[in-house]
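These notes concern the structure reproduced below.
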Amino acid sequence: MALIASSPTYPSSEVEQAKKLAEEMGVRYVEVFSNELKIPAFTQNSPRRCYHCKTELFGLCRERAESLGLNFVADGSNLDDTGDFRPGMEAARELGVRSPLKEAGLTKEEVRRLSQSLGLPTWDKPSLACLASRFPYGTEITSPRLTQVQKAEDFLRTLGLRQLRVRYHGRLARIEVPPEDFQRIMERDSRELVVRALKDAGFTYITLDLQGYRTGAMNEVLGQP
């Protein structure tokens, strides 16, 4: 049984894509609704934000699993996820959530290769973290701000960009794309469209991060554990 969680911190298009994939594969699914914005410890956005989010989500998963007579809840974490600061894994351990891909020692690249060999259409889908990951720790997460970031990222995808992030720094937007995509943004026509669209989304200053896209960028301020 697949469980699909709808939340203000994920684009609605992701939920619809997940439903479509389950239907194409003939997999039964249930949908649950979680609203992390009602959790003060989440909206305050401390470095422990993901712990509070996953506690809420995995708690809902366990309740639904028990109501369906299922013994386990499994998530999609893989071995590469152990290389970054991920307090959500602590919540998973506390609630008895299993991670079969991680337990099998599979990296993200290996999961992609296996997915491709199985003919799964998502084998090369860009990695996606929840929209809350676009905010520096200590910056309050609100519904209007989530919408602002999503609107900006939705526009960038219309340019053919696949792997991207728009990090929220108040009036400033910091765009992260792989270095090979820099030119696509910096061409005059594209640059003007990007500036206009992100200003329309509510940002005043538009910047391109010269380090490029990278996972865990917001954890860089934390230093080494």
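Residue numbers start at 1 in each chain; chains themselves are named A, B, ... in the order of the structure tokens; ligands are numbered from 1 in the order shown.
Those residues in stretch 108-181 of chain A carrying a DSSP assignment of strand (DSSP E), computed from the backbone, are Arg165, Val166, Arg167, Tyr168, His169, Leu172, Ala173, Arg174, Ile175 and Glu176 of chain A.
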>> List the spatial neighbours of A:Met1 as an NGL selection string - criterion: any atom at most 10 Å away, only C-alpha atoms, same-chain residues fewer than 6 positions off excluded.
In response: :A and (22 or 27-30 or 65 or 68 or 70 or 73)
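Shell of stretch 209-225 of chain A at 8 Å, with only C-alpha atoms counted and residues fewer than 6 places along the chain excluded, is Asp84, Phe85, Ser133, Arg134, Phe135, Pro136, Tyr137, Gln163, Leu164, Arg165, Arg174, Ile175, Glu176, Val177, Pro178 and Pro179 of chain A.
The neighbours of A:Thr139 here are the residues that come within 9 Å of it, using only C-alpha atoms and leaving out any residue fewer than 5 positions away in the same chain; they are Thr43, Gln44, Asn45, Ser46, Tyr168, His169 and Gly170 of chain A.
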> With distances taken over only C-alpha atoms, which of A:Gln148, A:Ser6, A:Ser34, A:Gln183 is nearest to A:Lys19?
Replying inline: A:Ser6
> Which polymer residues have any atom within 8 Å of an atom of stretch 95-107 of chain A, counting only C-alpha atoms, with same-chain residues fewer than 4 positions away left out, as a VMD selection string?
Replying inline: chain A and resid 55 58 to 59 62 72 to 80 91 111
>> Give me the residues near A:Leu198 as number ranges by chain, where near means some atom within 10 Å (using only C-alpha atoms) and where sequence neighbours in that chain fewer than 2 positions away do not count.
In response: A: 148-149, 151-153, 155-156, 166, 172-173, 193-196, 200-206
Keeping C-alpha atoms, export the residues of the selection given above as a PDB file, in the first residue's frame.
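Okay, this is what ended up in again.pdb:
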```pdb
ATOM      1  CA  GLN A 148       6.246  32.797  -3.240  1.00  0.00           C
ATOM      2  CA  VAL A 149       9.042  30.230  -3.545  1.00  0.00           C
ATOM      3  CA  LYS A 151       5.779  30.421  -7.908  1.00  0.00           C
ATOM      4  CA  ALA A 152       9.418  31.331  -8.579  1.00  0.00           C
ATOM      5  CA  GLU A 153      10.506  27.709  -9.049  1.00  0.00           C
ATOM      6  CA  PHE A 155       8.569  29.705 -13.612  1.00  0.00           C
ATOM      7  CA  LEU A 156      12.196  28.530 -13.803  1.00  0.00           C
ATOM      8  CA  VAL A 166      15.078  29.188  -5.140  1.00  0.00           C
ATOM      9  CA  LEU A 172      16.424  38.464  -2.001  1.00  0.00           C
ATOM     10  CA  ALA A 173      16.054  35.259  -4.041  1.00  0.00           C
ATOM     11  CA  LEU A 193      12.341  37.009 -17.998  1.00  0.00           C
ATOM     12  CA  VAL A 194      13.739  35.524 -14.770  1.00  0.00           C
ATOM     13  CA  VAL A 195      14.109  38.927 -13.141  1.00  0.00           C
ATOM     14  CA  ARG A 196      10.578  39.951 -14.107  1.00  0.00           C
ATOM     15  CA  ASP A 200       6.314  39.385  -9.744  1.00  0.00           C
ATOM     16  CA  ALA A 201       6.578  36.539  -7.219  1.00  0.00           C
ATOM     17  CA  GLY A 202       7.499  39.095  -4.547  1.00  0.00           C
ATOM     18  CA  PHE A 203      11.298  39.270  -4.528  1.00  0.00           C
ATOM     19  CA  THR A 204      13.204  42.546  -4.938  1.00  0.00           C
ATOM     20  CA  TYR A 205      16.733  41.284  -5.611  1.00  0.00           C
ATOM     21  CA  ILE A 206      17.493  38.281  -7.831  1.00  0.00           C
TER      22      ILE A 206
END
```
> Could you write out, as a ChimeraX atom specification, all the residues of stretch 56-125 of chain A that DSSP marks as alpha helix (DSSP H)?
Replying inline: /A:56-67,88-94,100-103,108-117
